[in-house]
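Colleague: For reference, the file upload-v3.txt (compact mmCIF, C-alpha atoms) is included below:
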```txt
# COMPACT_ATOMS: atom_id res chain seq x y z
CA MET A 1357 25.24 -59.72 76.57
CA LYS A 1358 23.60 -57.14 74.34
CA THR A 1359 22.07 -54.07 75.91
CA TYR A 1360 18.64 -53.15 74.59
CA PHE A 1361 17.20 -49.67 74.75
CA ARG A 1362 13.67 -49.44 76.08
CA HIS A 1363 11.57 -46.60 74.66
CA LYS A 1364 9.24 -44.95 77.11
CA ILE A 1365 5.78 -44.57 75.60
CA ASP A 1366 4.57 -40.99 75.58
CA ASN A 1367 0.80 -40.78 75.51
CA LEU A 1368 -0.22 -38.10 73.03
CA LEU A 1369 -3.82 -38.65 74.03
CA ARG A 1370 -5.30 -40.79 76.76
CA VAL A 1371 -8.98 -41.51 77.33
CA ASP A 1372 -9.49 -41.88 81.07
CA LYS A 1373 -13.14 -42.89 81.27
CA ILE A 1374 -16.01 -43.83 78.96
CA VAL A 1375 -19.27 -42.15 79.94
CA THR A 1376 -21.81 -43.19 77.29
CA VAL A 1377 -21.98 -44.79 73.86
CA HIS A 1378 -25.17 -44.15 71.90
CA TRP A 1379 -26.52 -45.03 68.47
CA PHE A 1380 -29.63 -43.07 67.55
CA GLU A 1381 -31.98 -43.15 64.59
CA PHE A 1382 -33.96 -39.91 64.72
CA ASP A 1383 -37.06 -38.63 62.97
CA ARG A 1384 -36.47 -35.83 60.45
CA ARG A 1385 -38.15 -33.42 62.89
CA PHE A 1386 -36.10 -34.36 65.95
CA VAL A 1387 -34.84 -31.53 68.16
CA SER A 1388 -32.93 -32.12 71.41
CA ARG A 1389 -32.76 -30.02 74.53
CA GLU A 1390 -29.62 -28.01 75.17
CA GLU A 1391 -27.18 -29.54 77.65
CA SER A 1392 -23.64 -29.21 78.96
CA HIS A 1393 -21.37 -31.50 80.97
CA ASP A 1394 -17.76 -31.72 82.15
CA PHE A 1395 -16.59 -34.30 79.60
CA TRP A 1396 -16.10 -34.57 75.83
CA GLU A 1397 -18.86 -35.64 73.45
CA LEU A 1398 -18.15 -36.94 69.94
CA VAL A 1399 -21.10 -36.71 67.52
CA TYR A 1400 -20.88 -38.51 64.17
CA ALA A 1401 -23.57 -38.20 61.48
CA ASP A 1402 -23.59 -41.66 59.94
CA LYS A 1403 -26.62 -41.02 57.72
CA GLY A 1404 -28.47 -37.78 57.12
CA ASN A 1405 -27.51 -34.27 58.20
CA LEU A 1406 -27.50 -32.60 61.60
CA VAL A 1407 -27.81 -29.05 62.84
CA CYS A 1408 -25.68 -28.74 65.97
CA THR A 1409 -25.30 -25.83 68.37
CA ALA A 1410 -22.07 -25.20 70.26
CA ASP A 1411 -22.44 -22.34 72.73
CA ASP A 1412 -23.74 -19.55 70.47
CA ARG A 1413 -22.78 -21.11 67.11
CA ASN A 1414 -24.99 -23.08 64.72
CA LEU A 1415 -23.07 -25.73 62.80
CA ILE A 1416 -24.11 -28.01 59.95
CA VAL A 1417 -22.78 -31.55 60.41
CA LYS A 1418 -23.34 -33.33 57.12
CA GLU A 1419 -23.50 -37.08 56.57
CA GLY A 1420 -20.04 -38.59 57.14
CA CYS A 1421 -18.90 -35.68 59.32
CA MET A 1422 -18.34 -35.30 63.04
CA ILE A 1423 -17.98 -32.73 65.78
CA CYS A 1424 -16.48 -32.92 69.27
CA HIS A 1425 -18.13 -30.84 71.98
CA LYS A 1426 -15.59 -29.77 74.59
CA PRO A 1427 -16.30 -29.98 78.35
CA ASP A 1428 -18.83 -27.43 79.67
CA GLU A 1429 -19.81 -26.36 76.13
CA ARG A 1430 -23.56 -25.77 75.77
CA HIS A 1431 -24.75 -27.93 72.89
CA SER A 1432 -27.76 -29.49 71.23
CA LEU A 1433 -28.57 -31.28 68.00
CA ALA A 1434 -31.47 -31.47 65.59
CA ALA A 1435 -32.36 -33.13 62.32
CA ASP A 1436 -32.38 -30.79 59.31
CA GLY A 1437 -36.10 -31.30 58.70
CA VAL A 1438 -35.47 -33.21 55.47
CA THR A 1439 -33.31 -36.26 56.23
CA ALA A 1440 -33.78 -38.65 59.14
CA PRO A 1441 -30.32 -38.92 60.70
CA SER A 1442 -28.56 -41.95 62.10
CA VAL A 1443 -26.15 -40.66 64.74
CA PHE A 1444 -23.38 -42.11 66.88
CA ILE A 1445 -22.57 -40.25 70.11
CA ILE A 1446 -19.62 -41.21 72.29
CA SER A 1447 -18.90 -39.27 75.47
CA PHE A 1448 -15.71 -39.65 77.47
CA GLU A 1449 -13.23 -38.08 79.86
CA CYS A 1450 -9.88 -37.00 78.45
CA LYS A 1451 -7.61 -34.40 80.03
CA SER A 1452 -4.86 -34.57 77.40
CA ASP A 1453 -3.84 -31.21 75.90
CA ALA A 1454 -4.00 -32.78 72.43
CA MET A 1455 -7.81 -32.73 72.62
CA ARG A 1456 -7.69 -28.98 72.03
CA PHE A 1457 -7.14 -29.93 68.37
CA PHE A 1458 -10.82 -30.92 68.16
CA GLU A 1459 -12.28 -27.73 69.61
CA ASN A 1460 -14.58 -25.59 67.47
CA ARG A 1461 -14.38 -27.60 64.27
CA VAL A 1462 -16.47 -29.89 62.11
CA PHE A 1463 -14.65 -32.28 59.82
CA ALA A 1464 -15.35 -35.11 57.41
CA LEU A 1465 -14.35 -38.53 58.68
CA GLU A 1466 -12.35 -40.48 56.12
CA LYS A 1467 -13.94 -43.76 55.06
CA SER A 1468 -10.92 -45.68 56.30
CA LEU A 1469 -11.54 -44.33 59.84
CA ARG A 1470 -15.27 -44.98 60.07
CA LYS A 1471 -14.60 -48.60 60.96
CA TYR A 1472 -13.42 -47.44 64.40
CA ILE A 1473 -16.79 -45.84 65.13
CA TYR A 1474 -18.63 -49.03 64.15
CA ALA A 1475 -16.20 -51.17 66.18
CA ILE A 1476 -16.68 -48.98 69.28
CA VAL A 1477 -20.45 -49.30 69.05
CA SER A 1478 -20.19 -53.05 68.39
CA ASP A 1479 -17.99 -53.54 71.48
CA ALA A 1480 -20.33 -51.34 73.53
CA LYS A 1481 -23.32 -53.52 72.57
CA LYS A 1482 -21.43 -56.59 73.77
CA THR A 1483 -20.34 -54.88 77.00
CA PHE A 1484 -23.24 -52.69 78.14
CA ASP A 1485 -27.02 -52.83 78.14
CA MET A 1486 -27.69 -50.18 75.48
CA PRO A 1487 -31.37 -49.18 75.24
CA PHE A 1488 -32.56 -48.21 71.78
CA SER A 1489 -32.52 -44.45 71.04
CA ASP A 1490 -32.82 -43.31 74.67
CA PRO A 1491 -31.01 -39.96 75.07
CA ASP A 1492 -31.84 -39.92 78.79
CA THR A 1493 -29.49 -42.82 79.51
CA HIS A 1494 -26.81 -41.30 81.74
CA LYS A 1495 -25.26 -44.53 83.01
CA LEU A 1496 -24.40 -47.57 80.93
CA GLU A 1497 -25.12 -50.74 82.89
CA LEU A 1498 -22.79 -53.67 82.36
CA LEU A 1499 -24.27 -56.82 80.86
CA ASP A 1500 -24.42 -59.87 83.10
CA SER A 1501 -21.76 -61.48 80.90
CA PRO A 1502 -19.88 -58.67 79.12
CA THR A 1503 -17.44 -59.51 76.35
CA LEU A 1504 -13.83 -60.06 77.38
CA GLY A 1505 -11.90 -56.77 77.56
CA GLY A 1506 -14.82 -54.79 76.14
CA LYS A 1507 -14.24 -51.55 78.08
CA GLN A 1508 -10.52 -51.58 77.30
CA LEU A 1509 -11.15 -52.12 73.59
CA ILE A 1510 -13.64 -49.22 73.52
CA LYS A 1511 -11.02 -46.98 75.13
CA ASN A 1512 -8.23 -48.18 72.83
CA ARG A 1513 -10.28 -47.88 69.64
CA LEU A 1514 -11.39 -44.37 70.61
CA GLU A 1515 -7.81 -43.28 71.26
CA ILE A 1516 -6.69 -44.72 67.91
CA LEU A 1517 -9.59 -43.01 66.12
CA LEU A 1518 -8.77 -39.59 67.62
CA ILE A 1519 -5.04 -39.89 66.88
CA GLU A 1520 -5.69 -41.10 63.33
CA ILE A 1521 -8.00 -38.12 62.76
CA MET A 1522 -5.27 -35.76 63.95
CA ARG A 1523 -2.73 -37.40 61.66
CA SER A 1524 -5.04 -37.36 58.66
CA LEU A 1525 -5.67 -33.63 59.06
CA THR A 1526 -2.10 -32.55 59.79
CA GLU A 1527 0.19 -34.80 57.74
CA THR A 1528 0.64 -34.56 53.97
CA GLU A 1529 1.44 -37.10 51.31
CA SER A 1530 5.08 -35.94 51.33
CA GLY A 1531 5.20 -36.48 55.08
CA ASN A 1532 4.57 -39.57 57.13
CA SER A 1533 0.94 -40.26 56.31
CA THR A 1534 -0.16 -43.81 55.67
CA PHE A 1535 -3.00 -43.88 53.17
CA LEU A 1536 -5.28 -46.84 53.63
CA PRO A 1537 -7.51 -48.04 50.80
CA ASP A 1538 -11.24 -47.45 51.12
CA SER A 1539 -12.87 -50.42 52.78
CA ASP A 1540 -14.87 -52.52 50.37
CA TYR A 1541 -15.27 -56.20 49.74
CA GLY A 1542 -12.45 -56.24 47.21
CA ASN A 1543 -14.50 -58.60 45.11
CA ARG A 1544 -15.98 -57.65 41.74
CA LEU A 1545 -18.74 -60.22 41.89
CA VAL A 1546 -19.90 -59.07 45.33
CA ASN A 1547 -19.75 -55.41 44.31
CA ASP A 1548 -21.78 -56.14 41.17
CA VAL A 1549 -24.41 -58.01 43.19
CA MET A 1550 -24.54 -55.12 45.69
CA THR A 1551 -25.18 -52.71 42.83
CA VAL A 1552 -28.11 -54.79 41.60
CA LEU A 1553 -29.57 -54.98 45.12
CA ASN A 1554 -29.27 -51.21 45.61
CA ASP A 1555 -30.84 -50.52 42.23
CA ASN A 1556 -33.80 -52.77 42.99
CA LEU A 1557 -34.72 -51.96 46.59
CA CYS A 1558 -38.24 -51.18 45.42
CA SER A 1559 -38.52 -54.35 43.35
CA ALA A 1560 -38.94 -58.05 44.05
CA VAL A 1561 -35.82 -59.46 42.38
CA ASN A 1562 -34.56 -62.94 43.25
CA VAL A 1563 -31.23 -64.72 42.86
CA ASP A 1564 -32.06 -65.88 39.33
CA ASP A 1565 -32.75 -62.26 38.33
CA ILE A 1566 -29.43 -61.19 39.85
CA CYS A 1567 -27.51 -63.91 38.01
CA ARG A 1568 -29.17 -62.93 34.73
CA ILE A 1569 -28.28 -59.25 35.21
CA THR A 1570 -24.69 -59.83 36.36
CA HIS A 1571 -23.95 -62.88 34.15
CA TYR A 1572 -22.56 -64.85 37.10
CA GLY A 1573 -23.36 -68.46 37.90
CA ARG A 1574 -25.82 -69.16 40.72
CA ALA A 1575 -23.42 -71.32 42.75
CA ASN A 1576 -20.62 -68.76 42.40
CA VAL A 1577 -22.90 -65.95 43.57
CA PHE A 1578 -24.03 -67.95 46.61
CA LYS A 1579 -20.49 -68.92 47.60
CA GLN A 1580 -18.69 -65.61 47.15
CA PHE A 1581 -21.46 -63.41 48.56
CA LYS A 1582 -21.82 -65.56 51.68
CA ALA A 1583 -18.04 -65.60 52.18
CA ALA A 1584 -17.86 -61.78 51.93
CA THR A 1585 -20.94 -60.80 53.95
CA GLY A 1586 -21.70 -63.78 56.16
CA ARG A 1587 -25.26 -63.85 54.83
CA SER A 1588 -27.14 -65.19 51.85
CA VAL A 1589 -28.01 -62.78 49.04
CA MET A 1590 -31.72 -62.70 49.85
CA ALA A 1591 -31.19 -62.37 53.61
CA TYR A 1592 -28.91 -59.42 52.93
CA PHE A 1593 -31.46 -57.95 50.50
CA THR A 1594 -34.18 -58.21 53.14
CA GLU A 1595 -31.97 -56.39 55.65
CA MET A 1596 -31.37 -53.64 53.09
CA LYS A 1597 -35.12 -53.27 52.58
CA ILE A 1598 -35.72 -52.99 56.32
CA GLU A 1599 -33.02 -50.31 56.58
CA ALA A 1600 -34.79 -48.43 53.78
CA ALA A 1601 -38.09 -48.89 55.62
CA LYS A 1602 -36.60 -47.44 58.80
CA ARG A 1603 -35.47 -44.39 56.85
CA LEU A 1604 -38.97 -43.94 55.35
CA LEU A 1605 -40.59 -44.27 58.77
CA ARG A 1606 -38.37 -41.46 60.04
CA GLU A 1607 -38.38 -39.20 56.98
CA SER A 1608 -41.88 -39.52 55.56
CA ASP A 1609 -45.52 -39.65 56.57
CA LEU A 1610 -46.18 -42.78 54.52
CA THR A 1611 -48.30 -45.41 56.24
CA VAL A 1612 -46.91 -48.83 57.09
CA SER A 1613 -48.98 -50.27 54.25
CA GLN A 1614 -47.61 -47.71 51.77
CA ILE A 1615 -44.04 -48.43 52.83
CA SER A 1616 -44.67 -52.15 52.44
CA ASP A 1617 -45.93 -51.57 48.90
CA ARG A 1618 -43.08 -49.23 47.99
CA LEU A 1619 -40.46 -51.78 49.03
CA ALA A 1620 -42.26 -54.64 47.24
CA PHE A 1621 -43.10 -56.79 50.25
CA ASP A 1622 -45.79 -59.41 49.62
CA ASN A 1623 -48.21 -57.72 52.02
CA PRO A 1624 -48.17 -55.33 55.02
CA ASN A 1625 -48.51 -58.18 57.51
CA TYR A 1626 -45.40 -59.94 56.17
CA PHE A 1627 -43.56 -56.61 56.15
CA SER A 1628 -44.45 -55.94 59.80
CA LYS A 1629 -43.41 -59.45 60.87
CA THR A 1630 -40.08 -59.11 59.04
CA PHE A 1631 -39.50 -55.65 60.52
CA ARG A 1632 -40.15 -56.93 64.04
CA ARG A 1633 -37.90 -59.97 63.51
CA LEU A 1634 -34.95 -57.81 62.46
CA THR A 1635 -35.45 -54.84 64.81
CA SER A 1636 -37.43 -56.30 67.76
CA LEU A 1637 -39.93 -53.46 67.24
CA SER A 1638 -43.09 -53.03 65.21
CA PRO A 1639 -42.91 -50.35 62.48
CA SER A 1640 -45.30 -48.08 64.40
CA THR A 1641 -43.34 -48.42 67.65
CA TYR A 1642 -40.10 -47.71 65.80
CA ARG A 1643 -41.60 -44.52 64.30
CA LYS A 1644 -42.78 -43.30 67.72
CA ARG A 1645 -39.38 -43.90 69.35
CA ALA A 1646 -37.57 -42.13 66.50
CA MET A 1647 -39.64 -39.02 67.26
CA TYR A 1648 -38.49 -39.01 70.92
CA ASP A 1649 -37.67 -35.44 72.00
CA ARG A 1650 -35.36 -34.99 74.94
```
Written as structure tokens, how would this file's structure read?
Modeller:
Amino acid sequence: MKTYFRHKIDNLLRVDKIVTVHWFEFDRRFVSREESHDFWELVYADKGNLVCTADDRNLIVKEGCMICHKPDERHSLAADGVTAPSVFIISFECKSDAMRFFENRVFALEKSLRKYIYAIVSDAKKTFDMPFSDPDTHKLELLDSPTLGGKQLIKNRLEILLIEIMRSLTETESGNSTFLPDSDYGNRLVNDVMTVLNDNLCSAVNVDDICRITHYGRANVFKQFKAATGRSVMAYFTEMKIEAAKRLLRESDLTVSQISDRLAFDNPNYFSKTFRRLTSLSPSTYRKRAMYDR
């Protein structure tokens, strides 16, 4: 009988407990109160720029960058006064020595690693009752029917994210790094349609317009776009417009009617109904909550 060698798994980094998972969309004037706690806090600027304090240091965290506040570090965050940031904050307990790697540094998160942030938040939404943009939430309540293995997947994805960040910043191309391609749809037709949608957020283009601009057949556009995104072209376009509207509500003083006009909705009433359908909030309520100051 063959004898097999069993490798003991050494944990470079182990997350012991998840404390909170937050996704915030702040007004451009948002300023938080200073706080400190005995666990780690990961702050990722998904859209817009942040001004973060860490003890006595002021740090600029640009879009696509992140910072980890170490336990007992006094910290706060604020919008830069120009952009309205969308921010992911994940706090957790980890006593591994490897976490010292993340102390006192701000770094850009590679596109190939951002999927872990989105997956953590997605699992958290299916596991916990996550109130919208409420910084005062100090305990995540489990849903009545949480997704199977949700807490474990959050822990595992966070560990993978942190280890991958360490590898990406310490290993070179001549070493052992594995370079993953940037995530995209890998489909020229879909990318071309996306370009048209982005270029016409303030217009009222339809599928026929898109086909004329891209020179693709209508049926082909419907089929490939739905297969890649899970949504029809116009449903996706509407979601893009609402995301743009959310940004305008947080970054500008434009009225709801002016935002409706700028994004080429038929009328302000239709815009407000669409906004509420996709966000569960009216535009005015969304604006007020984005200005929340803890």
Colleague: Taking (-27.1, -40.9, 71.5) in the file's coordinates as the center, which residues reach within 6 Å of it, counting all atoms listed in the file, put as a list of chain:residue names?
Modeller: A:His1378, A:Trp1379, A:Phe1380, A:Ile1445, A:Pro1491
Colleague: When you count only C-alpha atoms, which of these residues is closest to Lys1597 (chain A): A:Ser1559, A:Ala1584, A:Arg1633, A:Ser1640?
Modeller: A:Ser1559
Colleague: Tell me which protein, DNA and RNA residues are within 12 Å of Asn1554 (chain A), counting all atoms listed in the file, leaving out same-chain ones fewer than 4 positions away, and put them as a PyMOL selection string.
Modeller: chain A and resi 1547-1550+1558-1561+1566+1592-1597+1599-1600+1619
Colleague: Leaving out Leu1496 (chain A) and any residue of its chain fewer than 5 positions from it, which residues lie within 7 Å of it when counting only C-alpha atoms, given as a PDB file with C-alpha atoms, in the coordinates of the input?
Modeller:
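Dumped to part-v6.pdb:
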```
ATOM      1  CA  THR A1376     -21.810 -43.190  77.290  1.00  0.00           C
ATOM      2  CA  PHE A1484     -23.240 -52.690  78.140  1.00  0.00           C
ATOM      3  CA  ASP A1485     -27.020 -52.830  78.140  1.00  0.00           C
ATOM      4  CA  MET A1486     -27.690 -50.180  75.480  1.00  0.00           C
TER       5      MET A1486
END
```
Colleague: To one decimal place, how far is CA of Ala1440 (chain A) from CA of Lys1644 (chain A) in Å?
Modeller: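 These atoms are spaced 13.3 Å apart.
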Colleague: Calculated over only C-alpha atoms, which of the candidates A:His1431, A:Asp1617, A:His1571, A:Leu1465 has the smallest distance to Leu1525 (chain A)?
Modeller: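 Among the listed residues, A:Leu1465 lies closest to Leu1525 (chain A).
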Colleague: For Thr1526 (chain A), which of A:Phe1578, A:Phe1457, A:Phe1621, A:Tyr1572 is the closest residue, counting all atoms listed in the file?
Modeller: A:Phe1457
Colleague: Restricting the calculation to all atoms listed in the file: of A:Asn1367, A:Asp1412, A:Ala1401, A:Val1417, which residue gets closest to Ala1454 (chain A)?
Modeller: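 When distances to Ala1454 (chain A) are compared using all atoms listed in the file, the smallest one comes from A:Asn1367.
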Colleague: Enter the distance from CA of Ala1475 (chain A) to CA of Leu1514 (chain A), in Å, rounded to one decimal.
Modeller: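 Computing it gives 9.4 Å between the two atoms.
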Colleague: Could you work out how far CA of Asp1555 (chain A) lies from CA of Lys1579 (chain A), giving the answer in Å with one decimal?
Modeller: 21.8 Å
Colleague: Name the residues in contact with region 1384-1395 of chain A at a cut-off of 7 Å, using all atoms listed in the file, excluding same-chain residues fewer than 4 positions from it; report them as a list in words.
Modeller: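 In the requested form, the answer reads Lys1426, Pro1427, Asp1428, Glu1429, Arg1430, His1431, Ser1432, Leu1433, Ala1434, Ala1435, Asp1436, Gly1437, Val1438, Thr1439, Ala1440, Pro1441, Ser1447, Phe1448, Glu1449, Arg1606, Glu1607, Met1647, Asp1649 and Arg1650 of chain A.
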Colleague: Which is closest to Ala1601 (chain A) among A:Phe1463, A:Phe1631, A:Leu1469, A:Pro1502, if we use all atoms listed in the file?
Modeller: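 Residue with the minimum atom-to-atom distance to Ala1601 (chain A): A:Phe1631.
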Colleague: Point out the residue among A:Ile1521, A:Cys1567, A:Arg1370, A:Arg1643 with the least atom-to-atom distance to Ser1608 (chain A), counting only C-alpha atoms.
Modeller: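 Ranking A:Ile1521, A:Cys1567, A:Arg1370, A:Arg1643 by distance to Ser1608 (chain A), first place goes to A:Arg1643.
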Colleague: For Ser1478 (chain A), list every protein, DNA or RNA residue within 12 Å, evaluated using only C-alpha atoms, and leave out those in the same chain fewer than 3 positions away; present the list as a VMD selection string.
Modeller: chain A and resid 1377 to 1379 1444 1471 to 1475 1481 to 1486 1503 1506 to 1507 1509 to 1510 1513
Colleague: Padding 3 Å on each side, edges along x, y and z: where is the centre of the box around the listed atoms of region 1376-1389 of chain A, and how long are its edges in Å to one decimal? Output it as lines of an AutoDock Vina configuration file.
Modeller:
```
center_x = -30.0
center_y = -37.5
center_z = 68.9
size_x = 22.3
size_y = 21.0
size_z = 22.8
```
Colleague: At most 10 Å from (-12.4, -40.8, 73.7), file frame, all atoms listed in the file: which residues, as a PyMOL selection string?
Modeller: chain A and resi 1369-1375+1395-1398+1424+1446-1450+1455+1510-1518
